[in-house]
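> The following block contains the structure, expressed as structure tokens.
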Amino acid sequence: MSYGILAAGAYIPRLRLSRRSIVDANAWLNPALKSQAKGERAMCNWDEDSLTMAVEAARDTLAGRGRADVAALHLCSTTFPFLDRLNAGVVARALDLADDVSALDVAATQRAATSALRTALDARTSTLIVAAENRRAKAGSSSEISSGDGAAAILLGDGEPIARPLGRATATADFVDHYRSMEQPFDYQWEERWIRDAGYMEIVPAVIGRCLAQAGVAAADVAHFCMPAAVSRVAPAVAKAAGIPETAVRDGLGGQCGDTGAAHPLVLLVAALEDAKPGDRILVVGFGQGADAILFECTAPFEAAPGHLGVRGHLARRCEELNYSKLLAFGDLVEIERGMRAEADKLTPLSALWRHRDAVTSFKGGRCTACGTLQFPKSRICVNPNCNALDTQEPHAFADKVGRMNSYTADRLTYSPDPPACYGMVQFEGGGRWMMDFTDLEPDQLEVGRAMRMVFRIKDVDAQRGFRRYFWKAAPVTPA
Amino acid sequence: MPTGIRDKVVILGMGCSKFGERWESDAPDLMVEAYAEAVADAGIETKQIDAAWLATAIEEQHVGKSAVPLATALRLPFIPVTRVENFCASGTEAFRGAVYAVASGAADIALALGVEKLKDTGYGGLPQRGRGVFNNMTWPNLSAPGLFAQLAAAYRAKHGKPLEDLKRAMAHISVKSHDNAARNPKAHLRNKITIDAVLKAPTVAEPLGLYDCCGVSDGAACAIVTTPDIARSLGKRDLIGVKALQLSVSNGLEAQYNSWDGSHFVTTRIAAERAYKEAGVRSPRDDIDLLEVHDCFSITELVTMEDLHISREGGAIADVLDGFYDAAGKVPCQIDGGLKCFGHPIGASGLRMLYELYLQMLGRAGERQRKELPRVGLTHNLGGYPHQNVCSIAIVGHHGA
């Protein structure tokens with residue numbers, strides 16, 4: 001038994017927007033964008049955000065293991081949907097973590113995740129660190145092209161780690177390379193050359209030096225150097241300055257996914273863990289108003305539990321999107337005609353949400369202890385017509401079950417941010433069924449009997465009151 | 001065992017407004033239009049009515065809550081008036097209330113009136129509305145076509161029917177209803193359509209196209225009921241009596257328990273069996289002369305033919321394509337155009353169906369009159385969705401038949 005990284009996982013949205021589509025729409029305004037027309041960027045579906053991606057990255061990490069011993073949850077993002085409502089609290093409930101979990105939102109810097117990681121290593125408790133980012137950039141900006149949406153998670157604790165911590169260092173500096181503020185909802189960024197020369201090059205190598213010195217590891221022995229940088233060619237320059245071999249500098253996944261902001265240090269770390277051999281040293285750096293550097297040593301090869309996709313699996317599970325308008329519409333960057341049906345009042349009584357938190361947020365139903373029938377939602381009287389026993393149900397989790405499509409439609413009448421709205425009856429083995437939304441689905445996947453997994457998503461948005469409602473949807477089981 | 005309602009109550013008079021987009025009318029105008037016809041047909045005065053029932057389903061869209069709007073519109077003399085709502089079965093529920101009041105002796109003459117004024121929403125289709133606190137948090141943003149469309153997927157999976165065959169039978173159903181409504185001056189949609197137009201229409205909810213969906217209409221319908229003796233004392237000769245009134249309501253089995261395959265209506269089958277027993281109908285395919293069913297969507301009508309035990313299970317497509325349910329067929333279904341074309345002002349629909357049977361049985365259906373007067377007819381309402389609904393069935397026929 002030793003303390004270290006016990007598991008790691010990720011979530012990259014299935015939609016990958018062709019950068020060419022962004023450039024084609026905007027190059028008339030800024031021809032310089034043409035240099036960025038290569039590859040694709042991960043893009044949230046309309047029903048995804050930092051919270052839903054965080055839940056999926058955490059589930060990817062926790063695949064095949066119990067959750068009862070997770071003592072702390074650190075949720076890191078600069079794109080939390082709620083400014084005053086514990087976002088980690090939503091994730092904890094969706095993951096059905098214990099009520100006494102210590103949940104924390106870590107925000108406001110691109111190094112939120114490395115700071116959370118460093119702090120957790122100091123505390124040495126069983127901690128799930130999740131970082132997620134749903135990037136939002138101005139239409140036609142360079143960062144709209146270079147950004148990507150995504151999430152990653154690391155589970156720290158005592159056990160048989162896949163990597164152990166060797167050293168860490170930090171520095172804080174109010175170096176404002178970019179900012180977003182109450183007055184300015186989009187990033188405002190300064191000149192790249194200044195960020196590189198006066199920011200990364202001045203701040204990061206020193207922090208790496210202290211980290212390696214604490215670990216007693218030579219820079220030349222770093223096998224995987226994970227440092228996201230929105231500015232090009234910065235990672236190799238920092239590596240060179242720190243004495244790290246250029247071959248150790250890991251691909252920033254710009255071509256396949258884009259820079260996932262505050263999630264990116266963990267995305268790159270998880271990708272490195274998937275590739276690392278025992279003995280490999282992995283250095284992860286987060287930069288933003290200072291820097292964090294954390295050094296790990298791989299202690300065991302990465303073994304994927306059933307259902308785990310990680311960074312590599314999620315990158316492979318892709319769906320090309322060529323329609324740039326969807327990025328604008330999903331990100332609410334243009335005023336789209338949504339029709340009168342979209343005006344329907346979505347008021348959620350907060351008291352009812354609390355009362356139904358097990359069913360709505362955790363997707364728990366009931367199991368009748370008299371007849372064994374599973375059912376959703378849990379109810380006072382068993383639904384089995386041959387039982388109908390009173391007050392016999394215990395909570396039963398449905399979130400990790402595979403259901404089957406019993407009936408379906410693709411509805412073009414009802415309002416959906418991405419029509420048609422696909423939904424139908426999903427039935428679970430052993431009992432339980434519910435009329436559910438489908439998501440991440442192609443029209444030809446509508447088929448009675450199709451296996452569906454449960455995913456945590458935005459159900460809808462109460463635009464009048466600025467409240468996102470979350471529930472579980474059914475998505476086709478990803479081919480292995 | 002209850003003895004049932006058979007032959008205890010007869011219809012004294014009926015009325016029905018013109019259905020359609022009644023831009024010029026409020027709900028009370030429509031109520032009075034249906035009532036004026038009914039009360040004249042009954043040959044009574046308003047003060048002779050002992051009790052009344054009002055059916056509306058989406059009252060927040062027009063009259064608001066309670067029975068006050070009916071009492072006020074008709075200037076009812078401070079009698080007991082009750083508003084009922086049970087999805088699309090609301091009209092039949094009002095009729096049930098009035099019939100039971102007469103049968104119990106609590107009223108000599110009772111009135112049932114259904115009304116809906118839906119065309120003040122600003123868009124086509126049913127108004128958006130809440131589904132209850134828990135459902136609002138967990139259900140898809142579902143629409144009626146989206147839910148009923150799912151019957152098609154499950155029906156095809158169960159019976160192994162190709163989509164093309166099902167679509168063709170569904171198209172036949174809609175073409176037939178348009179043909180019938182063309183002969184009905186009170187119908188909302190009176191244009192004739194072709195199979196080709198149905199099949200090429202834009203999709204509303206896979207696999208339902210525009211012509212697979214009924215219209216949303218404004219309208220009202222009204223029935224006045226009494227005992228056979230009172231009807232005779234008022235000079236009535238050909239009496240149309242109530243043979244059966246049944247209601248079956250989902251209890252969560254279809255929505256939450258895995259015994260239902262999604263291809264049929266559990267409630268309709270149960271209500272139909274009970275209704276046939278109550279009415280003494282032994283062989284529905286032979287004994288029922290006329291059908292008015294809840295054809296909110298073509299697929300609903302198709303599977304309902306089986307759930308009512310008129311077509312055998314899996315046999316509705318063949319019966320439909322054979323013309324069995326056409327106006328000149330063995331058992332005409334929707335001879336007035338049905339919900340599809342007469343229109344569907346929700347609270348009025350059940351009473352509108354009874355209105356058509358009443359006219360047909362008395363030989364007063366004009367251009368669309370069935371040559372041989374029907375003796376026994378059945379109405380069927382299906383409120384809600386395939387996976388949780390309210391089904392009402394009424395069987396009416398010549399008194400003593």
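Going by the structure tokens order, chains are called A, B, ..., each with residues numbered from 1, while ligands are numbered from 1 in the order shown.
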From a backbone DSSP assignment, name each residue in range 296-401 of chain A labelled strand (DSSP E or B), as a PyMOL selection string.

chain A and resi 296-298+319-321+364-368+374-375+381+390+393-397

> Please identify every residue of chain B that has at least one atom no farther than 10 Å from an atom of chain A, counting only C-alpha atoms, and for each give the shortest atom pair and the distance in Å to one decimal, arranged by chain then increasing number, as a tab-separated table.


residue	atom	partner	partner_atom	distance
B:Thr121	CA	A:Met340	CA	9.0
B:Gly122	CA	A:Met340	CA	7.7
B:Tyr123	CA	A:Met340	CA	7.1
B:Gly124	CA	A:Leu413	CA	9.4
B:Gly125	CA	A:Leu413	CA	8.3
B:Pro127	CA	A:Arg341	CA	8.3
B:Gln128	CA	A:Ala344	CA	6.2
B:Arg129	CA	A:Ala344	CA	7.1
B:Gly130	CA	A:Asp345	CA	8.1
B:Val133	CA	A:Ala352	CA	7.2
B:Phe134	CA	A:Ala352	CA	7.7
B:Asn135	CA	A:Met435	CA	9.8
B:Asn136	CA	A:Lys346	CA	7.9
B:Met137	CA	A:Val360	CA	7.0
B:Thr138	CA	A:Phe471	CA	6.3
B:Trp139	CA	A:Met436	CA	6.0
B:Pro140	CA	A:Asp437	CA	5.1
B:Asn141	CA	A:Thr414	CA	6.7
B:Leu142	CA	A:Thr414	CA	6.5
B:Ser143	CA	A:Thr414	CA	5.7
B:Ala144	CA	A:Thr414	CA	9.0
B:Pro145	CA	A:Asp411	CA	7.5
B:Gly146	CA	A:Asp411	CA	5.2
B:Leu147	CA	A:Thr409	CA	7.4
B:Phe148	CA	A:Thr409	CA	8.8
B:Ala149	CA	A:Thr409	CA	6.1
B:Gln150	CA	A:Tyr408	CA	5.1
B:Leu151	CA	A:Ser407	CA	7.2
B:Ala152	CA	A:Ser407	CA	8.3
B:Ala153	CA	A:Ser407	CA	5.6
B:Ala154	CA	A:Ser407	CA	5.4
B:Tyr155	CA	A:Ser407	CA	9.1
B:Arg156	CA	A:Val448	CA	9.3
B:Ala157	CA	A:Val448	CA	6.7
B:Lys158	CA	A:Val448	CA	9.6
B:Pro202	CA	A:Arg412	CA	9.6
B:Thr203	CA	A:Arg412	CA	7.1
B:Val204	CA	A:Arg412	CA	5.2
B:Ala205	CA	A:Asp411	CA	4.0
B:Glu206	CA	A:Ala410	CA	5.0
B:Pro207	CA	A:Thr409	CA	7.4
B:Leu208	CA	A:Asp411	CA	9.1
B:Asn251	CA	A:Val383	CA	8.2
B:Gly252	CA	A:Val383	CA	6.8
B:Leu253	CA	A:Val383	CA	6.4
B:Glu254	CA	A:Arg433	CA	9.0
B:Ala255	CA	A:Trp434	CA	6.4
B:Gln256	CA	A:Arg433	CA	5.1
B:Tyr257	CA	A:Gly432	CA	6.1
B:Asn258	CA	A:Gly431	CA	6.2
B:Ser259	CA	A:Asn384	CA	9.3
B:Trp260	CA	A:Asn406	CA	9.6
B:Asp261	CA	A:Asn406	CA	7.1
B:Gly262	CA	A:Ser407	CA	6.6
B:Ser263	CA	A:Ser407	CA	8.6
B:His387	CA	A:Met435	CA	8.5

> Could you state the separation of CA of Val216 in chain B and CA of Ala187 in chain B in Å, given to one decimal place?

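These atoms are spaced 11.9 Å apart.
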
> If you count only C-alpha atoms, which residues fall within 9 Å of Gly43 in chain B, apart from same-chain ones fewer than 2 positions away, as number ranges by chain?

B: 12-13, 38-41, 45, 234

> For Thr61 in chain A, which of A:Leu97, A:Ile129, A:Leu75, A:Leu15 is the closest residue, counting only C-alpha atoms?

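Smallest distance to Thr61 in chain A is found for A:Ile129.
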
> Write out as a PDB file with N, CA and C atoms, in the first residue's frame the residues lying within 10 Å of Ala271 in chain A, counting only C-alpha atoms and excluding same-chain residues fewer than 3 positions away.


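Output contents, as saved in result20.pdb:
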ATOM      1  N   ALA A   8      -7.073   6.934 -13.442  1.00  0.00           N
ATOM      2  CA  ALA A   8      -7.154   8.160 -14.226  1.00  0.00           C
ATOM      3  C   ALA A   8      -8.138   7.945 -15.362  1.00  0.00           C
ATOM      4  N   GLY A   9      -8.811   9.004 -15.730  1.00  0.00           N
ATOM      5  CA  GLY A   9      -9.788   8.887 -16.818  1.00  0.00           C
ATOM      6  C   GLY A   9     -10.016  10.230 -17.470  1.00  0.00           C
ATOM      7  N   ALA A  10     -10.832  10.229 -18.487  1.00  0.00           N
ATOM      8  CA  ALA A  10     -11.054  11.467 -19.235  1.00  0.00           C
ATOM      9  C   ALA A  10     -12.413  11.434 -19.901  1.00  0.00           C
ATOM     10  N   ALA A 152     -10.875  15.708 -17.578  1.00  0.00           N
ATOM     11  CA  ALA A 152     -10.043  14.576 -17.164  1.00  0.00           C
ATOM     12  C   ALA A 152     -10.112  14.480 -15.651  1.00  0.00           C
ATOM     13  N   HIS A 224       8.145  12.177 -19.826  1.00  0.00           N
ATOM     14  CA  HIS A 224       6.902  12.759 -20.357  1.00  0.00           C
ATOM     15  C   HIS A 224       6.734  14.145 -19.759  1.00  0.00           C
ATOM     16  N   CYS A 226       4.356  17.292 -19.694  1.00  0.00           N
ATOM     17  CA  CYS A 226       2.984  17.670 -20.036  1.00  0.00           C
ATOM     18  C   CYS A 226       2.760  19.119 -19.641  1.00  0.00           C
ATOM     19  N   ARG A 250       5.328  16.218 -24.689  1.00  0.00           N
ATOM     20  CA  ARG A 250       4.174  15.488 -25.228  1.00  0.00           C
ATOM     21  C   ARG A 250       3.348  16.375 -26.158  1.00  0.00           C
ATOM     22  N   ASP A 251       2.756  15.698 -27.101  1.00  0.00           N
ATOM     23  CA  ASP A 251       1.860  16.370 -28.039  1.00  0.00           C
ATOM     24  C   ASP A 251       0.728  17.030 -27.261  1.00  0.00           C
ATOM     25  N   GLY A 252       0.442  18.262 -27.567  1.00  0.00           N
ATOM     26  CA  GLY A 252      -0.614  18.989 -26.856  1.00  0.00           C
ATOM     27  C   GLY A 252      -2.021  18.641 -27.311  1.00  0.00           C
ATOM     28  N   LEU A 253      -2.171  17.670 -28.203  1.00  0.00           N
ATOM     29  CA  LEU A 253      -3.470  17.209 -28.706  1.00  0.00           C
ATOM     30  C   LEU A 253      -4.240  18.311 -29.433  1.00  0.00           C
ATOM     31  N   PRO A 265      -4.059  20.437 -18.444  1.00  0.00           N
ATOM     32  CA  PRO A 265      -2.947  19.761 -17.765  1.00  0.00           C
ATOM     33  C   PRO A 265      -3.296  18.321 -17.372  1.00  0.00           C
ATOM     34  N   LEU A 266      -4.537  18.123 -16.908  1.00  0.00           N
ATOM     35  CA  LEU A 266      -4.928  16.758 -16.520  1.00  0.00           C
ATOM     36  C   LEU A 266      -5.167  15.884 -17.749  1.00  0.00           C
ATOM     37  N   VAL A 267      -5.719  16.475 -18.815  1.00  0.00           N
ATOM     38  CA  VAL A 267      -5.913  15.695 -20.046  1.00  0.00           C
ATOM     39  C   VAL A 267      -4.559  15.160 -20.525  1.00  0.00           C
ATOM     40  N   LEU A 268      -3.550  16.036 -20.528  1.00  0.00           N
ATOM     41  CA  LEU A 268      -2.223  15.609 -20.997  1.00  0.00           C
ATOM     42  C   LEU A 268      -1.592  14.620 -20.027  1.00  0.00           C
ATOM     43  N   GLU A 274      -1.434   6.828 -19.784  1.00  0.00           N
ATOM     44  CA  GLU A 274      -1.866   5.721 -20.649  1.00  0.00           C
ATOM     45  C   GLU A 274      -0.693   5.133 -21.431  1.00  0.00           C
ATOM     46  N   ASP A 275       0.322   5.993 -21.715  1.00  0.00           N
ATOM     47  CA  ASP A 275       1.463   5.550 -22.526  1.00  0.00           C
ATOM     48  C   ASP A 275       2.668   5.112 -21.700  1.00  0.00           C
ATOM     49  N   ALA A 276       2.725   5.568 -20.450  1.00  0.00           N
ATOM     50  CA  ALA A 276       3.971   5.436 -19.680  1.00  0.00           C
ATOM     51  C   ALA A 276       4.285   3.985 -19.324  1.00  0.00           C
ATOM     52  N   GLY A 310     -10.693   6.541 -21.346  1.00  0.00           N
ATOM     53  CA  GLY A 310      -9.521   7.396 -21.201  1.00  0.00           C
ATOM     54  C   GLY A 310      -9.430   8.439 -22.304  1.00  0.00           C
ATOM     55  N   VAL A 311      -8.255   9.053 -22.402  1.00  0.00           N
ATOM     56  CA  VAL A 311      -8.059  10.066 -23.440  1.00  0.00           C
ATOM     57  C   VAL A 311      -8.035   9.401 -24.810  1.00  0.00           C
ATOM     58  N   ARG A 312      -7.271   8.328 -24.906  1.00  0.00           N
ATOM     59  CA  ARG A 312      -7.104   7.676 -26.206  1.00  0.00           C
ATOM     60  C   ARG A 312      -8.448   7.163 -26.735  1.00  0.00           C
TER      61      ARG A 312
END

> I want to know what sits within 8 Å of range 439-441 of chain A, based on only C-alpha atoms, with residues of the same chain fewer than 6 positions away left out; could you give that as a list in words?

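Here the qualifying residues turn out to be Arg14, Asn45, Cys422, Lys473, Ala474, Ala475 and Pro476 of chain A.
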
> Mind writing the picked residues with N, CA and C atoms as a PDB file, in the first residue's frame?


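Full text of selection.pdb as output:
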ATOM      1  N   ARG A  14     -17.943  13.843 -28.064  1.00  0.00           N
ATOM      2  CA  ARG A  14     -17.897  13.077 -29.305  1.00  0.00           C
ATOM      3  C   ARG A  14     -17.844  13.978 -30.532  1.00  0.00           C
ATOM      4  N   ASN A  45     -21.749  18.881 -27.146  1.00  0.00           N
ATOM      5  CA  ASN A  45     -23.103  18.828 -27.678  1.00  0.00           C
ATOM      6  C   ASN A  45     -23.912  19.898 -26.935  1.00  0.00           C
ATOM      7  N   CYS A 422     -34.723  13.134 -30.185  1.00  0.00           N
ATOM      8  CA  CYS A 422     -34.863  11.675 -30.223  1.00  0.00           C
ATOM      9  C   CYS A 422     -35.086  11.175 -28.809  1.00  0.00           C
ATOM     10  N   LYS A 473     -29.596  10.761 -19.636  1.00  0.00           N
ATOM     11  CA  LYS A 473     -30.110  10.418 -20.961  1.00  0.00           C
ATOM     12  C   LYS A 473     -29.481   9.096 -21.394  1.00  0.00           C
ATOM     13  N   ALA A 474     -30.043   8.552 -22.455  1.00  0.00           N
ATOM     14  CA  ALA A 474     -29.541   7.285 -22.976  1.00  0.00           C
ATOM     15  C   ALA A 474     -28.753   7.536 -24.257  1.00  0.00           C
ATOM     16  N   ALA A 475     -27.548   6.979 -24.305  1.00  0.00           N
ATOM     17  CA  ALA A 475     -26.693   7.099 -25.497  1.00  0.00           C
ATOM     18  C   ALA A 475     -26.335   5.688 -25.951  1.00  0.00           C
ATOM     19  N   PRO A 476     -26.135   5.507 -27.240  1.00  0.00           N
ATOM     20  CA  PRO A 476     -25.776   4.163 -27.711  1.00  0.00           C
ATOM     21  C   PRO A 476     -24.500   3.680 -27.019  1.00  0.00           C
TER      22      PRO A 476
END

> Identify, with DSSP run on backbone atoms, the residues in range 247-429 of chain A assigned to helix (DSSP H, G or I), and express the list as a PyMOL selection string.

chain A and resi 247-248+261-275+310-316+324-330+340-343+350-355+357-360

> Got time to write the residues from that selection, N, CA and C atoms, as a short mmCIF file (atom, residue, chain, number, x, y, z; two decimals), in the first residue's frame?


data_model
loop_
_atom_site.label_atom_id
_atom_site.label_comp_id
_atom_site.auth_asym_id
_atom_site.auth_seq_id
_atom_site.Cartn_x
_atom_site.Cartn_y
_atom_site.Cartn_z
N THR A 247 12.43 15.21 -26.83
CA THR A 247 11.63 14.01 -27.11
C THR A 247 10.61 13.74 -26.01
N ALA A 248 10.82 14.32 -24.84
CA ALA A 248 9.88 14.10 -23.73
C ALA A 248 8.65 14.98 -23.84
N GLY A 261 -8.25 24.20 -21.91
CA GLY A 261 -8.17 25.19 -20.85
C GLY A 261 -7.74 24.61 -19.53
N ALA A 262 -8.51 24.88 -18.49
CA ALA A 262 -8.14 24.44 -17.15
C ALA A 262 -8.12 22.92 -17.03
N ALA A 263 -8.75 22.22 -17.98
CA ALA A 263 -8.73 20.76 -17.93
C ALA A 263 -7.48 20.19 -18.59
N HIS A 264 -6.78 21.03 -19.37
CA HIS A 264 -5.77 20.46 -20.26
C HIS A 264 -4.56 19.85 -19.55
N PRO A 265 -4.06 20.44 -18.44
CA PRO A 265 -2.95 19.76 -17.76
C PRO A 265 -3.30 18.32 -17.37
N LEU A 266 -4.54 18.12 -16.91
CA LEU A 266 -4.93 16.76 -16.52
C LEU A 266 -5.17 15.88 -17.75
N VAL A 267 -5.72 16.48 -18.82
CA VAL A 267 -5.91 15.69 -20.05
C VAL A 267 -4.56 15.16 -20.52
N LEU A 268 -3.55 16.04 -20.53
CA LEU A 268 -2.22 15.61 -21.00
C LEU A 268 -1.59 14.62 -20.03
N LEU A 269 -1.82 14.82 -18.71
CA LEU A 269 -1.28 13.89 -17.72
C LEU A 269 -1.89 12.50 -17.89
N VAL A 270 -3.22 12.46 -18.09
CA VAL A 270 -3.88 11.16 -18.25
C VAL A 270 -3.40 10.48 -19.53
N ALA A 271 -3.24 11.26 -20.60
CA ALA A 271 -2.71 10.69 -21.85
C ALA A 271 -1.32 10.11 -21.63
N ALA A 272 -0.50 10.80 -20.83
CA ALA A 272 0.85 10.31 -20.55
C ALA A 272 0.80 9.03 -19.73
N LEU A 273 -0.10 8.98 -18.74
CA LEU A 273 -0.22 7.78 -17.91
C LEU A 273 -0.62 6.57 -18.76
N GLU A 274 -1.43 6.83 -19.78
CA GLU A 274 -1.87 5.72 -20.65
C GLU A 274 -0.69 5.13 -21.43
N ASP A 275 0.32 5.99 -21.71
CA ASP A 275 1.46 5.55 -22.53
C ASP A 275 2.67 5.11 -21.70
N GLY A 310 -10.69 6.54 -21.35
CA GLY A 310 -9.52 7.40 -21.20
C GLY A 310 -9.43 8.44 -22.30
N VAL A 311 -8.26 9.05 -22.40
CA VAL A 311 -8.06 10.07 -23.44
C VAL A 311 -8.03 9.40 -24.81
N ARG A 312 -7.27 8.33 -24.91
CA ARG A 312 -7.10 7.68 -26.21
C ARG A 312 -8.45 7.16 -26.73
N GLY A 313 -9.20 6.50 -25.85
CA GLY A 313 -10.49 5.93 -26.26
C GLY A 313 -11.49 7.00 -26.65
N HIS A 314 -11.49 8.07 -25.88
CA HIS A 314 -12.43 9.15 -26.20
C HIS A 314 -12.06 9.87 -27.49
N LEU A 315 -10.75 10.02 -27.72
CA LEU A 315 -10.35 10.67 -28.98
C LEU A 315 -10.76 9.81 -30.17
N ALA A 316 -10.70 8.50 -29.99
CA ALA A 316 -11.08 7.59 -31.09
C ALA A 316 -12.59 7.60 -31.31
N TYR A 324 -20.34 24.81 -38.63
CA TYR A 324 -19.86 25.80 -37.65
C TYR A 324 -21.02 26.49 -36.92
N SER A 325 -22.19 26.59 -37.59
CA SER A 325 -23.34 27.24 -36.95
C SER A 325 -23.72 26.56 -35.64
N LYS A 326 -23.47 25.27 -35.56
CA LYS A 326 -23.84 24.57 -34.33
C LYS A 326 -22.98 25.04 -33.14
N LEU A 327 -21.72 25.34 -33.41
CA LEU A 327 -20.87 25.87 -32.33
C LEU A 327 -21.45 27.20 -31.83
N LEU A 328 -21.86 28.03 -32.77
CA LEU A 328 -22.43 29.33 -32.41
C LEU A 328 -23.74 29.14 -31.66
N ALA A 329 -24.57 28.21 -32.13
CA ALA A 329 -25.88 28.02 -31.52
C ALA A 329 -25.76 27.37 -30.15
N PHE A 330 -24.96 26.32 -30.05
CA PHE A 330 -24.83 25.61 -28.77
C PHE A 330 -24.19 26.51 -27.72
N MET A 340 -41.83 29.51 -30.95
CA MET A 340 -42.64 29.81 -29.77
C MET A 340 -42.66 28.67 -28.76
N ARG A 341 -42.46 27.44 -29.27
CA ARG A 341 -42.48 26.31 -28.35
C ARG A 341 -41.33 26.38 -27.33
N ALA A 342 -40.28 27.08 -27.69
CA ALA A 342 -39.14 27.22 -26.78
C ALA A 342 -39.47 28.14 -25.62
N GLU A 343 -40.61 28.84 -25.70
CA GLU A 343 -40.96 29.78 -24.64
C GLU A 343 -41.53 29.09 -23.41
N LEU A 350 -37.17 24.32 -6.54
CA LEU A 350 -35.92 23.85 -5.95
C LEU A 350 -36.19 22.86 -4.82
N SER A 351 -37.31 23.05 -4.14
CA SER A 351 -37.66 22.11 -3.07
C SER A 351 -37.92 20.72 -3.64
N ALA A 352 -38.54 20.65 -4.82
CA ALA A 352 -38.81 19.35 -5.44
C ALA A 352 -37.51 18.73 -5.95
N LEU A 353 -36.61 19.56 -6.46
CA LEU A 353 -35.32 19.04 -6.92
C LEU A 353 -34.57 18.39 -5.76
N TRP A 354 -34.60 19.04 -4.60
CA TRP A 354 -33.95 18.49 -3.41
C TRP A 354 -34.63 17.18 -3.00
N ARG A 355 -35.96 17.18 -3.00
CA ARG A 355 -36.71 16.00 -2.57
C ARG A 355 -36.41 14.81 -3.50
N ARG A 357 -33.62 14.35 -5.35
CA ARG A 357 -32.22 14.37 -5.76
C ARG A 357 -31.70 12.97 -6.10
N ASP A 358 -32.16 11.95 -5.39
CA ASP A 358 -31.69 10.59 -5.68
C ASP A 358 -32.12 10.17 -7.08
N ALA A 359 -33.36 10.43 -7.41
CA ALA A 359 -33.87 9.99 -8.73
C ALA A 359 -33.32 10.87 -9.84
N VAL A 360 -33.35 12.19 -9.64
CA VAL A 360 -33.04 13.11 -10.73
C VAL A 360 -31.54 13.25 -10.94
#

> Between B:Cys213, B:Val99, B:Leu321, B:Leu382, single out the one closest to Asp7 in chain B, counting only C-alpha atoms.

B:Val99

> At what distance in Å, to one decimal, does CA of Ala173 in chain A lie from CA of Leu295 in chain A?

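These two atoms are separated by 21.1 Å.
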
> If we count only C-alpha atoms and set the cut-off at 10 Å, which residues sit around Gly219 in chain B, ignoring sequence neighbours fewer than 5 positions away in its own chain? Please answer as a PyMOL selection string.

chain B and resi 16-22+25-27+29-31+33-34+114-118+186+188+342-349+352

> One decimal, in Å: what's the spacing between CA of Glu93 in chain B and CA of Arg370 in chain B?

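CA of Arg370 in chain B lies at a distance of 27.4 Å from CA of Glu93 in chain B.
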
> Determine, counting only C-alpha atoms, which protein, DNA and RNA residues have an atom within 10 Å of an atom of range 120-123 of chain A; residues of the same chain fewer than 6 positions away are not included. Present the result as a ChimeraX atom specification.

/A:3-5,72-74,114,129,156-157,165,167-168,294
